Amino acid sequence: MKTFRVLLAANAKQFVRERAALFWTFVFPIFFILIFGAVFSGSMEDVSFDVGLVMEDDSPVALNLSAALYQIPAFQLTSGERDAELQALRDGDRRAVMIVNAGFGESIAQGQPANIDVYYDPTQTSSVQILLPIIQKVLDNFDRALSGTAPLIHLNEETLQSHSLRAIDYLVPGILAMALMQLGLFAVAPIVVDRENKVLKRLGATPLKRSTMITSTVVFNLIVAVIQAALIIVVARVVFDVPMLGNWFVLAGFIFLGTLTFLALGYMLSAFARNEQTLMPLLMIVQFPMMFLSGIFFPLEMMPGFMRPIMDVIPLTYLADSLRQIMVESQPLHSHIVNLGVLGGWFAVCLILAVRFFKWE
Amino acid sequence: MKAVVKVDHLRKSYKDIKAVNDISFRVYEGEIFGMLGPNGAGKTTTMEIVEGIRKADSGRVSVLGIDVRKNPRQVKSNIGVQLQTTSLYPRLTVAEVMGLFASFYPRSVSIGKLIKLVDLEDCKKKRCKNLSGGQQQRLSIALALVNNPRVIFLDEPTSGLDPQSRHNIWGIIEYVRGKGKSVFITTHYMEEAQRLCDRVAIVDHGRIIATDAPDKLVAQHFQEEAIEFELNRKLDNEDLSTLAGVTNVIQENGKVTVFSNTVPATVAALLDLAKQKGFELTNLYVRRATLEDVFLKLTGRRIRE
């Protein structure tokens with residue numbers, strides 16, 4: 001027991017004294033969350049478009065329209081002369097320029113269709129995709145108000161979840177799963193380095209049992225996994241208000257099982273690598289497809305069909321799915337039982353292969 | 001005297017290479033026993049089998065009366081080991097590594113005293129990656145002593161070290177022997193074997209070709225002394241071997257070693273020959289025969305070419 005405690009402490013000291021390990025374990029996943037969170041959580045209120053408005057008509061109708069446009073929070077309106085505003089558009093200072101032509105009010109008063117010109121840069125896809133529909137909708141509303149007809153059909157937006165699942169809610173449990181995968185896979189690296197430096201051989205000349213050594217490494221990594229998970233959950237909660245809706249014990253169970261599975265996978269892979277230089281690319285080759293084909297960053301339905309078989313095999317898909325269900329009550333891909341079974345199967349197979357093929361020298 | 005290590009008819013092959021080919025020897029209580037031989041002679045393999053970290057193909061090994069094959073862990077608890085290559089835990093400090101190793105054993109000595117013994121007090125809080133070669137080597141010897149073992153195995157303990165560090169380590173090894181412990185070392189340094197070891201086994205091609213105290217080994221094979229000099233041209237061995245008192249002649253790259261049982265007569269004859277044939281003798285000196293000469297005589301080559 002004393003041996004175990006001292007080994008655990010030695011593991012911890014070595015870990016905290018290696019900046020790279022600290023970065024990849026704790027800083028990197030948080031970075032991911034912050035960056036993706038900032039990208040995905042931007043709602044319309046936060047985005048504003050610089051729009052130029054050229055009023056060549058001063059009828060009351062035109063002034064009303066101008067006032068309506070000023071009400072739109074997504075528009076940062078600038079009034080000006082036609083030539084100056086169009087030049088500003090060319091210079092990239094405006095995303096669009098709206099021109100209310102002379103005679104606008106007169107046409108409406110006579111019951112004739114009136115035109116408003118919108119200039120935009122088609123290479124700015126966001127202008128086309130977001131701006132034009134907004135402008136169209138504003139004009140429709142304005143049109144209806146003028147003609148005095150009420151809209152007959154109203155679209156009610158409702159989602160299946162009891163609460164709405166934002167992109168960031170979907171993402172955070174996936175990032176947690178990814179972080180656990182990296183922790184588990186790369187945990188074998190120090191052992192491969194120790195093997196290369198003959199440290200394992202030196203330990204073999206002491207009465208230290210291999211089982212004690214392995215157990216201390218595994219327990220240490222489980223402790224790191226818990227710290228890592230706590231950090232991710234807290235940051236996601238504080239910064240993006242991502243909830244943790246499920247049972248903490250079930251969550252901890254999946255965190256442990258996930259870490260164990262990837263530890264075993266890492267140990268198994270290390271059997272095929274003579275040293276750190278060959279191990280690292282091997283781990284990369286395994287981790288990258290898992291990152292992108294496990295539905296962490298986007299739902300699996302978005303992936304092309306021929307990739308489905310890969311997605312249905314890799315363990316990260318199942319870990320991420322369960323973590324997502326537990327934390328944010330997302331739509332399950334599979335039941336917890338299926339996820340548990342697949343992860344457990346991976347763990348068992350990797351463990352057997354690792355025990356069989358892991359080389360101590 | 002009591003044998004603490006008994007090795008009988010040890011054999012170990014890798015594919016078709018016989019790394020250890022029927023080796024038998026004893027290490028006695030309180031002695032420094034050395035295996036001397038070139039790289040690849042089978043020294044390290046032999047030592048690692050005795051330490052219980054490698055399996056023999058056949059043969060019997062017992063350490064402190066314990067059968068290594070049957071009870072490797074019990075043997076490991078009672079011996080101290082230093083391996084040839086040592087780069088231990090770069091991010092742990094000297095004191096931390098010692099504490100870690102101490103925790104592996106049922107009993108251990110005081111870390112503080114051990115650090116003092118190997119003269120690492122100034123760097124006990126230093127991380128291992130920042131130690132010099134000599135300091136690392138002293139640390140790994142300290143680790144071999146952490147469980148207060150009765151037998152200590154040191155594989156090439158001074159390999160690649162400067163003379164100062166080498167002498168430090170010899171001092172530690174002699175101190176350890178002074179405490180009544182047995183030390184088994186391997187080396188390919190003649191000087192180390194001659195100066196440090198109570199008994200030396202000369203190993204070549206997986207076999208022990210001679211075992212005895214260094215002085216006795218030399219005395220057994222050489223009654224004569226060696227006259228060494230350099231020549232500016234090549235002479236026939238015949239010209240030299242017929243000189244008064246000469247028993248053996250070795251010429252290597254202009255360097256000549258002549259073994260003689262009557263040194264004054266040989267030197268006089270040599271100078272005459274030089275005058276007569278008109279060649280120049282430089283760097284002439286006379287020395288006693290060494291283990292190196294014994295190895296050369298027994299195997300026909302030097303330990304390091």
# chains A, B, ... in the order shown; residues from 1 in each chain; ligands from 1
call {"tool": "closest_atom_pairs", "arguments": {"of": "chain A", "to": "chain B", "cutoff": "6 Å", "atoms": "only C-alpha atoms", "output": "tab-separated table"}}
result
residue	atom	partner	partner_atom	distance
A:Thr3	CA	B:Ser103	CA	5.0
A:Gln14	CA	B:Arg91	CA	5.5
A:Asn197	CA	B:Ser87	CA	6.0
A:Ala205	CA	B:Ile53	CA	6.0
A:Thr206	CA	B:Lys76	CA	5.3
A:Pro207	CA	B:Arg73	CA	5.2
A:Leu208	CA	B:Phe104	CA	5.4
call {"tool": "write_last_selection", "arguments": {"atoms": "all heavy atoms", "output": "CSV table (one decimal), in the first residue's frame"}}
result
chain,number,residue,atom,x,y,z
A,3,THR,N,3.9,1.4,-1.2
A,3,THR,CA,4.5,1.4,-2.5
A,3,THR,C,3.5,2.1,-3.5
A,3,THR,O,3.9,3.0,-4.3
A,3,THR,CB,4.8,0.0,-3.0
A,3,THR,OG1,5.5,-0.7,-2.0
A,3,THR,CG2,5.5,0.0,-4.3
A,14,GLN,N,5.5,13.9,-11.7
A,14,GLN,CA,6.0,13.9,-13.1
A,14,GLN,C,5.0,14.6,-14.0
A,14,GLN,O,5.4,15.3,-14.9
A,14,GLN,CB,6.3,12.5,-13.6
A,14,GLN,CG,7.4,11.8,-12.8
A,14,GLN,CD,7.8,10.5,-13.5
A,14,GLN,OE1,8.5,10.5,-14.5
A,14,GLN,NE2,7.2,9.4,-13.1
A,197,ASN,N,13.9,4.1,-22.1
A,197,ASN,CA,15.0,4.5,-21.3
A,197,ASN,C,15.4,3.4,-20.3
A,197,ASN,O,16.2,3.7,-19.4
A,197,ASN,CB,14.7,5.7,-20.5
A,197,ASN,CG,14.5,6.9,-21.4
A,197,ASN,OD1,15.1,6.9,-22.5
A,197,ASN,ND2,13.8,8.0,-21.0
A,205,ALA,N,14.1,-5.1,-11.9
A,205,ALA,CA,15.1,-5.7,-11.0
A,205,ALA,C,14.8,-5.4,-9.6
A,205,ALA,O,15.6,-5.7,-8.7
A,205,ALA,CB,16.5,-5.1,-11.4
A,206,THR,N,13.7,-4.8,-9.3
A,206,THR,CA,13.3,-4.6,-7.9
A,206,THR,C,12.1,-5.6,-7.6
A,206,THR,O,11.5,-6.1,-8.6
A,206,THR,CB,12.8,-3.2,-7.6
A,206,THR,OG1,11.5,-3.0,-8.3
A,206,THR,CG2,13.7,-2.2,-8.2
A,207,PRO,N,11.7,-5.7,-6.3
A,207,PRO,CA,10.6,-6.6,-6.1
A,207,PRO,C,9.2,-6.0,-6.4
A,207,PRO,O,8.2,-6.6,-6.2
A,207,PRO,CB,10.7,-6.9,-4.6
A,207,PRO,CG,11.7,-6.0,-4.0
A,207,PRO,CD,12.4,-5.3,-5.1
A,208,LEU,N,9.2,-4.8,-7.0
A,208,LEU,CA,7.9,-4.2,-7.4
A,208,LEU,C,7.2,-5.1,-8.3
A,208,LEU,O,7.7,-5.5,-9.3
A,208,LEU,CB,8.2,-2.8,-8.0
A,208,LEU,CG,7.0,-2.1,-8.6
A,208,LEU,CD1,6.1,-1.6,-7.5
A,208,LEU,CD2,7.5,-0.9,-9.5
call {"tool": "residues_around", "arguments": {"residues": "stretch 192-196 of chain B", "least_positions_apart": "4", "cutoff": "9 Å", "atoms": "only C-alpha atoms", "output": "PyMOL selection string"}}
result
chain B and resi 32-36+158+166+170+173-174+185-188+200+213-215+290-291
call {"tool": "write_last_selection", "arguments": {"atoms": "N, CA, C and O atoms", "output": "CSV table (one decimal), in the first residue's frame"}}
result
chain,number,residue,atom,x,y,z
B,32,ILE,N,35.1,-8.1,-4.2
B,32,ILE,CA,34.7,-7.4,-5.4
B,32,ILE,C,35.1,-8.4,-6.5
B,32,ILE,O,36.3,-8.7,-6.7
B,33,PHE,N,34.1,-8.9,-7.2
B,33,PHE,CA,34.3,-9.9,-8.3
B,33,PHE,C,34.0,-9.2,-9.6
B,33,PHE,O,33.0,-8.6,-9.8
B,34,GLY,N,35.0,-9.3,-10.5
B,34,GLY,CA,34.8,-8.6,-11.8
B,34,GLY,C,34.7,-9.5,-13.0
B,34,GLY,O,35.4,-10.5,-13.0
B,35,MET,N,33.9,-9.2,-13.9
B,35,MET,CA,33.9,-9.9,-15.2
B,35,MET,C,34.5,-8.9,-16.2
B,35,MET,O,33.9,-7.9,-16.4
B,36,LEU,N,35.6,-9.3,-16.8
B,36,LEU,CA,36.3,-8.5,-17.7
B,36,LEU,C,36.2,-9.1,-19.1
B,36,LEU,O,36.4,-10.3,-19.3
B,158,THR,N,31.5,2.5,-14.5
B,158,THR,CA,32.2,3.7,-14.8
B,158,THR,C,32.3,4.0,-16.3
B,158,THR,O,33.1,4.8,-16.7
B,166,ARG,N,35.3,8.4,-12.2
B,166,ARG,CA,35.6,7.0,-12.1
B,166,ARG,C,36.3,6.7,-10.7
B,166,ARG,O,35.8,5.8,-10.0
B,170,TRP,N,34.9,4.2,-7.7
B,170,TRP,CA,35.7,3.2,-7.1
B,170,TRP,C,35.8,3.3,-5.6
B,170,TRP,O,35.7,2.3,-4.9
B,173,ILE,N,32.6,1.9,-4.2
B,173,ILE,CA,32.5,0.5,-4.3
B,173,ILE,C,33.4,-0.1,-3.2
B,173,ILE,O,33.0,-1.1,-2.5
B,174,GLU,N,34.6,0.5,-3.0
B,174,GLU,CA,35.5,-0.1,-2.0
B,174,GLU,C,34.9,0.1,-0.6
B,174,GLU,O,35.1,-0.8,0.3
B,185,ILE,N,30.9,-6.8,-10.5
B,185,ILE,CA,30.9,-5.8,-11.5
B,185,ILE,C,31.3,-6.4,-12.9
B,185,ILE,O,32.0,-7.4,-12.9
B,186,THR,N,30.8,-5.8,-13.9
B,186,THR,CA,31.3,-6.1,-15.2
B,186,THR,C,32.1,-4.9,-15.7
B,186,THR,O,31.8,-3.8,-15.3
B,187,THR,N,33.1,-5.1,-16.5
B,187,THR,CA,33.9,-3.9,-17.0
B,187,THR,C,34.6,-4.3,-18.3
B,187,THR,O,34.8,-5.5,-18.5
B,188,HIS,N,34.9,-3.3,-19.1
B,188,HIS,CA,35.8,-3.6,-20.2
B,188,HIS,C,37.1,-2.7,-20.0
B,188,HIS,O,37.8,-2.6,-20.9
B,200,VAL,N,39.1,-11.7,-10.8
B,200,VAL,CA,38.6,-11.3,-12.1
B,200,VAL,C,38.3,-12.6,-12.9
B,200,VAL,O,39.2,-13.5,-12.9
B,213,ALA,N,42.8,-13.7,-9.0
B,213,ALA,CA,43.2,-12.4,-8.6
B,213,ALA,C,44.0,-11.8,-9.7
B,213,ALA,O,44.7,-12.5,-10.4
B,214,PRO,N,43.8,-10.5,-10.0
B,214,PRO,CA,44.5,-9.9,-11.2
B,214,PRO,C,46.0,-10.1,-11.2
B,214,PRO,O,46.5,-10.5,-12.2
B,215,ASP,N,46.6,-9.9,-10.0
B,215,ASP,CA,48.1,-10.1,-10.0
B,215,ASP,C,48.5,-11.6,-10.3
B,215,ASP,O,49.4,-11.9,-11.0
B,290,THR,N,50.3,-6.7,-17.8
B,290,THR,CA,49.0,-6.4,-17.3
B,290,THR,C,47.9,-7.4,-17.7
B,290,THR,O,48.2,-8.3,-18.5
B,291,LEU,N,46.7,-7.2,-17.2
B,291,LEU,CA,45.6,-8.0,-17.6
B,291,LEU,C,45.4,-7.9,-19.1
B,291,LEU,O,45.0,-8.9,-19.8
call {"tool": "closest_residue", "arguments": {"among": "A:Leu231, A:Ile255, A:Ile223, A:Leu185", "to": "A:Pro281", "atoms": "only C-alpha atoms"}}
result
A:Leu185
call {"tool": "select_by_dssp", "arguments": {"residues": "stretch 197-243 of chain A", "states": "alpha helix (DSSP H)", "output": "count of residues only"}}
result
37
call {"tool": "residues_around", "arguments": {"residues": "stretch 216-218 of chain B", "least_positions_apart": "3", "cutoff": "12 Å", "atoms": "only C-alpha atoms", "output": "MDAnalysis selection string"}}
result
chainID B and resid 190 193:194 198:202 209:213 221:226 288:298
call {"tool": "residues_around", "arguments": {"residues": "stretch 296-308 of chain A", "least_positions_apart": "5", "cutoff": "7 Å", "atoms": "only C-alpha atoms", "output": "list in words"}}
result
Leu171, Gly174, Ile175, Met291 and Ala320 of chain A
call {"tool": "write_last_selection", "arguments": {"atoms": "N, CA, C and O atoms", "output": "PDB file, in the first residue's frame"}}
result
ATOM      1  N   LEU A 171     -22.181  20.346 -28.090  1.00  0.00           N
ATOM      2  CA  LEU A 171     -20.734  20.237 -28.257  1.00  0.00           C
ATOM      3  C   LEU A 171     -19.998  19.838 -26.973  1.00  0.00           C
ATOM      4  O   LEU A 171     -19.090  19.004 -26.995  1.00  0.00           O
ATOM      5  N   GLY A 174     -19.425  16.277 -26.000  1.00  0.00           N
ATOM      6  CA  GLY A 174     -18.544  15.679 -27.003  1.00  0.00           C
ATOM      7  C   GLY A 174     -17.091  16.030 -26.749  1.00  0.00           C
ATOM      8  O   GLY A 174     -16.199  15.196 -26.857  1.00  0.00           O
ATOM      9  N   ILE A 175     -16.849  17.298 -26.386  1.00  0.00           N
ATOM     10  CA  ILE A 175     -15.477  17.727 -26.077  1.00  0.00           C
ATOM     11  C   ILE A 175     -14.969  16.959 -24.854  1.00  0.00           C
ATOM     12  O   ILE A 175     -13.818  16.544 -24.796  1.00  0.00           O
ATOM     13  N   MET A 291     -12.143  11.615 -33.649  1.00  0.00           N
ATOM     14  CA  MET A 291     -12.630  12.959 -33.343  1.00  0.00           C
ATOM     15  C   MET A 291     -13.707  13.398 -34.325  1.00  0.00           C
ATOM     16  O   MET A 291     -14.706  13.988 -33.945  1.00  0.00           O
ATOM     17  N   ALA A 320     -19.488   9.611 -26.337  1.00  0.00           N
ATOM     18  CA  ALA A 320     -20.025  10.961 -26.519  1.00  0.00           C
ATOM     19  C   ALA A 320     -21.551  10.939 -26.432  1.00  0.00           C
ATOM     20  O   ALA A 320     -22.156  11.822 -25.813  1.00  0.00           O
TER      21      ALA A 320
END
call {"tool": "residues_around", "arguments": {"residues": "stretch 163-165 of chain B", "least_positions_apart": "5", "cutoff": "12 Å", "atoms": "only C-alpha atoms", "output": "list of chain:residue names"}}
result
B:Val118, B:Asp119, B:Ser132, B:Gly133, B:Gly134, B:Gln135, B:Gln136, B:Gln137, B:Arg138, B:Pro157, B:Thr158, B:Trp170, B:Gly171, B:Ile172, B:Tyr189, B:Glu191, B:Glu192
call {"tool": "write_last_selection", "arguments": {"atoms": "N, CA and C atoms", "output": "PDB file, in the first residue's frame"}}
result
ATOM      1  N   VAL B 118      27.103   8.790  -1.427  1.00  0.00           N
ATOM      2  CA  VAL B 118      27.435   8.926  -2.848  1.00  0.00           C
ATOM      3  C   VAL B 118      27.695  10.382  -3.226  1.00  0.00           C
ATOM      4  N   ASP B 119      27.792  11.243  -2.187  1.00  0.00           N
ATOM      5  CA  ASP B 119      28.196  12.622  -2.403  1.00  0.00           C
ATOM      6  C   ASP B 119      27.245  13.364  -3.348  1.00  0.00           C
ATOM      7  N   SER B 132      24.838  15.582 -13.967  1.00  0.00           N
ATOM      8  CA  SER B 132      25.924  15.235 -14.887  1.00  0.00           C
ATOM      9  C   SER B 132      26.008  13.717 -14.991  1.00  0.00           C
ATOM     10  N   GLY B 133      26.800  13.240 -15.951  1.00  0.00           N
ATOM     11  CA  GLY B 133      26.956  11.801 -16.133  1.00  0.00           C
ATOM     12  C   GLY B 133      27.442  11.108 -14.863  1.00  0.00           C
ATOM     13  N   GLY B 134      28.421  11.707 -14.207  1.00  0.00           N
ATOM     14  CA  GLY B 134      28.965  11.113 -12.983  1.00  0.00           C
ATOM     15  C   GLY B 134      27.941  11.104 -11.865  1.00  0.00           C
ATOM     16  N   GLN B 135      27.172  12.201 -11.761  1.00  0.00           N
ATOM     17  CA  GLN B 135      26.141  12.271 -10.715  1.00  0.00           C
ATOM     18  C   GLN B 135      25.054  11.236 -10.957  1.00  0.00           C
ATOM     19  N   GLN B 136      24.658  11.086 -12.222  1.00  0.00           N
ATOM     20  CA  GLN B 136      23.632  10.078 -12.533  1.00  0.00           C
ATOM     21  C   GLN B 136      24.110   8.687 -12.174  1.00  0.00           C
ATOM     22  N   GLN B 137      25.377   8.441 -12.461  1.00  0.00           N
ATOM     23  CA  GLN B 137      25.938   7.125 -12.177  1.00  0.00           C
ATOM     24  C   GLN B 137      25.990   6.894 -10.663  1.00  0.00           C
ATOM     25  N   ARG B 138      26.337   7.936  -9.906  1.00  0.00           N
ATOM     26  CA  ARG B 138      26.369   7.786  -8.442  1.00  0.00           C
ATOM     27  C   ARG B 138      24.967   7.569  -7.899  1.00  0.00           C
ATOM     28  N   PRO B 157      29.984   0.112 -14.230  1.00  0.00           N
ATOM     29  CA  PRO B 157      29.621   1.281 -13.410  1.00  0.00           C
ATOM     30  C   PRO B 157      30.351   2.563 -13.790  1.00  0.00           C
ATOM     31  N   THR B 158      31.484   2.477 -14.465  1.00  0.00           N
ATOM     32  CA  THR B 158      32.209   3.722 -14.766  1.00  0.00           C
ATOM     33  C   THR B 158      32.304   3.964 -16.263  1.00  0.00           C
ATOM     34  N   TRP B 170      34.909   4.243  -7.723  1.00  0.00           N
ATOM     35  CA  TRP B 170      35.739   3.186  -7.132  1.00  0.00           C
ATOM     36  C   TRP B 170      35.763   3.314  -5.615  1.00  0.00           C
ATOM     37  N   GLY B 171      35.851   4.575  -5.148  1.00  0.00           N
ATOM     38  CA  GLY B 171      35.856   4.819  -3.703  1.00  0.00           C
ATOM     39  C   GLY B 171      34.588   4.291  -3.049  1.00  0.00           C
ATOM     40  N   ILE B 172      33.440   4.560  -3.692  1.00  0.00           N
ATOM     41  CA  ILE B 172      32.163   4.092  -3.134  1.00  0.00           C
ATOM     42  C   ILE B 172      32.129   2.560  -3.102  1.00  0.00           C
ATOM     43  N   TYR B 189      37.182  -2.144 -18.803  1.00  0.00           N
ATOM     44  CA  TYR B 189      38.382  -1.361 -18.507  1.00  0.00           C
ATOM     45  C   TYR B 189      39.382  -2.220 -17.741  1.00  0.00           C
ATOM     46  N   GLU B 191      42.165  -1.301 -16.396  1.00  0.00           N
ATOM     47  CA  GLU B 191      42.663  -0.614 -15.212  1.00  0.00           C
ATOM     48  C   GLU B 191      41.692  -0.825 -14.050  1.00  0.00           C
ATOM     49  N   GLU B 192      40.380  -0.766 -14.393  1.00  0.00           N
ATOM     50  CA  GLU B 192      39.359  -0.925 -13.366  1.00  0.00           C
ATOM     51  C   GLU B 192      39.419  -2.325 -12.756  1.00  0.00           C
TER      52      GLU B 192
END
call {"tool": "select_by_dssp", "arguments": {"residues": "stretch 26-184 of chain A", "states": "strand (DSSP E)", "output": "number ranges by chain"}}
result
A: 49-55, 75-79, 96-100, 116-120
call {"tool": "write_last_selection", "arguments": {"atoms": "N, CA and C atoms", "output": "compact mmCIF listing (two decimals), in the first residue's frame"}}
result
# COMPACT_ATOMS: atom_id res chain seq x y z
N PHE A 49 -25.14 44.23 -38.92
CA PHE A 49 -24.63 44.49 -40.27
C PHE A 49 -24.66 45.99 -40.53
N ASP A 50 -23.56 46.45 -41.12
CA ASP A 50 -23.54 47.86 -41.53
C ASP A 50 -24.33 47.98 -42.83
N VAL A 51 -25.40 48.73 -42.75
CA VAL A 51 -26.25 48.90 -43.94
C VAL A 51 -26.38 50.40 -44.23
N GLY A 52 -26.15 50.74 -45.50
CA GLY A 52 -26.31 52.13 -45.90
C GLY A 52 -27.75 52.38 -46.36
N LEU A 53 -28.29 53.54 -46.03
CA LEU A 53 -29.65 53.88 -46.43
C LEU A 53 -29.61 55.22 -47.17
N VAL A 54 -30.10 55.17 -48.41
CA VAL A 54 -30.11 56.41 -49.21
C VAL A 54 -31.57 56.79 -49.43
N MET A 55 -31.97 57.94 -48.89
CA MET A 55 -33.36 58.39 -49.00
C MET A 55 -33.44 59.46 -50.10
N PHE A 75 -29.41 45.70 -37.82
CA PHE A 75 -28.88 46.69 -38.77
C PHE A 75 -28.20 47.83 -38.05
N GLN A 76 -27.02 48.16 -38.55
CA GLN A 76 -26.32 49.36 -38.10
C GLN A 76 -26.47 50.33 -39.27
N LEU A 77 -27.51 51.19 -39.18
CA LEU A 77 -27.87 51.99 -40.35
C LEU A 77 -27.05 53.28 -40.44
N THR A 78 -26.66 53.60 -41.67
CA THR A 78 -26.01 54.87 -41.93
C THR A 78 -26.73 55.53 -43.09
N SER A 79 -27.17 56.74 -42.89
CA SER A 79 -27.83 57.45 -43.99
C SER A 79 -26.81 58.26 -44.76
N ALA A 96 -24.50 46.15 -47.21
CA ALA A 96 -25.53 46.37 -48.23
C ALA A 96 -25.92 47.85 -48.21
N VAL A 97 -26.45 48.30 -49.32
CA VAL A 97 -26.96 49.67 -49.39
C VAL A 97 -28.38 49.60 -49.94
N MET A 98 -29.34 50.23 -49.21
CA MET A 98 -30.73 50.27 -49.66
C MET A 98 -31.02 51.68 -50.17
N ILE A 99 -31.64 51.72 -51.33
CA ILE A 99 -31.94 53.03 -51.91
C ILE A 99 -33.46 53.17 -52.10
N VAL A 100 -34.01 54.13 -51.39
CA VAL A 100 -35.43 54.43 -51.57
C VAL A 100 -35.51 55.51 -52.66
N ILE A 116 -37.58 49.47 -54.23
CA ILE A 116 -36.44 49.83 -53.41
C ILE A 116 -35.26 49.05 -53.94
N ASP A 117 -34.15 49.70 -54.20
CA ASP A 117 -32.97 49.00 -54.71
C ASP A 117 -32.08 48.56 -53.54
N VAL A 118 -31.60 47.33 -53.64
CA VAL A 118 -30.62 46.86 -52.65
C VAL A 118 -29.36 46.46 -53.39
N TYR A 119 -28.26 47.08 -53.00
CA TYR A 119 -26.95 46.70 -53.56
C TYR A 119 -26.21 45.88 -52.51
N TYR A 120 -25.61 44.80 -52.98
CA TYR A 120 -24.79 44.03 -52.04
C TYR A 120 -23.68 43.33 -52.80
call {"tool": "residues_around", "arguments": {"residues": "stretch 133-149 of chain A", "least_positions_apart": "5", "cutoff": "10 Å", "atoms": "only C-alpha atoms", "output": "PDB file with N, CA, C and O atoms, in the first residue's frame"}}
result
ATOM      1  N   VAL A  61     -44.552  58.266 -46.213  1.00  0.00           N
ATOM      2  CA  VAL A  61     -44.431  56.804 -46.290  1.00  0.00           C
ATOM      3  C   VAL A  61     -42.955  56.389 -46.229  1.00  0.00           C
ATOM      4  O   VAL A  61     -42.571  55.477 -45.508  1.00  0.00           O
ATOM      5  N   ASN A  64     -41.638  56.772 -42.801  1.00  0.00           N
ATOM      6  CA  ASN A  64     -42.084  55.672 -41.942  1.00  0.00           C
ATOM      7  C   ASN A  64     -41.239  54.414 -42.149  1.00  0.00           C
ATOM      8  O   ASN A  64     -40.860  53.728 -41.216  1.00  0.00           O
ATOM      9  N   LEU A  65     -40.970  54.141 -43.448  1.00  0.00           N
ATOM     10  CA  LEU A  65     -40.148  52.971 -43.756  1.00  0.00           C
ATOM     11  C   LEU A  65     -38.766  53.108 -43.133  1.00  0.00           C
ATOM     12  O   LEU A  65     -38.226  52.180 -42.517  1.00  0.00           O
ATOM     13  N   ALA A  68     -38.907  52.356 -39.596  1.00  0.00           N
ATOM     14  CA  ALA A  68     -39.035  50.916 -39.355  1.00  0.00           C
ATOM     15  C   ALA A  68     -37.678  50.223 -39.474  1.00  0.00           C
ATOM     16  O   ALA A  68     -37.338  49.336 -38.696  1.00  0.00           O
ATOM     17  N   LEU A  69     -36.902  50.651 -40.471  1.00  0.00           N
ATOM     18  CA  LEU A  69     -35.588  50.030 -40.662  1.00  0.00           C
ATOM     19  C   LEU A  69     -34.671  50.296 -39.463  1.00  0.00           C
ATOM     20  O   LEU A  69     -33.889  49.444 -39.049  1.00  0.00           O
ATOM     21  N   ILE A  72     -34.657  47.781 -36.544  1.00  0.00           N
ATOM     22  CA  ILE A  72     -34.121  46.416 -36.632  1.00  0.00           C
ATOM     23  C   ILE A  72     -32.759  46.332 -35.932  1.00  0.00           C
ATOM     24  O   ILE A  72     -31.810  47.018 -36.325  1.00  0.00           O
ATOM     25  N   ALA A  74     -30.493  44.155 -35.910  1.00  0.00           N
ATOM     26  CA  ALA A  74     -29.375  43.574 -36.654  1.00  0.00           C
ATOM     27  C   ALA A  74     -28.739  44.567 -37.620  1.00  0.00           C
ATOM     28  O   ALA A  74     -27.685  44.293 -38.168  1.00  0.00           O
ATOM     29  N   PHE A  75     -29.412  45.704 -37.817  1.00  0.00           N
ATOM     30  CA  PHE A  75     -28.877  46.690 -38.770  1.00  0.00           C
ATOM     31  C   PHE A  75     -28.196  47.835 -38.055  1.00  0.00           C
ATOM     32  O   PHE A  75     -28.713  48.415 -37.110  1.00  0.00           O
ATOM     33  N   MET A  98     -29.338  50.225 -49.208  1.00  0.00           N
ATOM     34  CA  MET A  98     -30.733  50.271 -49.664  1.00  0.00           C
ATOM     35  C   MET A  98     -31.019  51.679 -50.174  1.00  0.00           C
ATOM     36  O   MET A  98     -30.685  52.664 -49.519  1.00  0.00           O
ATOM     37  N   ILE A 108     -46.813  54.725 -54.191  1.00  0.00           N
ATOM     38  CA  ILE A 108     -47.658  54.027 -53.230  1.00  0.00           C
ATOM     39  C   ILE A 108     -48.998  54.729 -53.086  1.00  0.00           C
ATOM     40  O   ILE A 108     -50.058  54.096 -53.052  1.00  0.00           O
ATOM     41  N   GLY A 111     -51.252  53.743 -55.547  1.00  0.00           N
ATOM     42  CA  GLY A 111     -51.551  52.314 -55.568  1.00  0.00           C
ATOM     43  C   GLY A 111     -50.677  51.544 -56.545  1.00  0.00           C
ATOM     44  O   GLY A 111     -50.969  50.409 -56.903  1.00  0.00           O
ATOM     45  N   ILE A 116     -37.582  49.471 -54.233  1.00  0.00           N
ATOM     46  CA  ILE A 116     -36.441  49.834 -53.407  1.00  0.00           C
ATOM     47  C   ILE A 116     -35.259  49.047 -53.939  1.00  0.00           C
ATOM     48  O   ILE A 116     -35.366  47.831 -54.157  1.00  0.00           O
ATOM     49  N   VAL A 118     -31.600  47.334 -53.641  1.00  0.00           N
ATOM     50  CA  VAL A 118     -30.621  46.862 -52.649  1.00  0.00           C
ATOM     51  C   VAL A 118     -29.358  46.458 -53.386  1.00  0.00           C
ATOM     52  O   VAL A 118     -29.394  45.636 -54.310  1.00  0.00           O
ATOM     53  N   SER A 127     -24.123  38.114 -46.318  1.00  0.00           N
ATOM     54  CA  SER A 127     -25.056  39.168 -46.723  1.00  0.00           C
ATOM     55  C   SER A 127     -26.233  38.557 -47.455  1.00  0.00           C
ATOM     56  O   SER A 127     -27.387  38.852 -47.178  1.00  0.00           O
ATOM     57  N   VAL A 128     -25.884  37.648 -48.375  1.00  0.00           N
ATOM     58  CA  VAL A 128     -26.927  37.061 -49.190  1.00  0.00           C
ATOM     59  C   VAL A 128     -27.854  36.199 -48.341  1.00  0.00           C
ATOM     60  O   VAL A 128     -29.077  36.262 -48.453  1.00  0.00           O
TER      61      VAL A 128
END
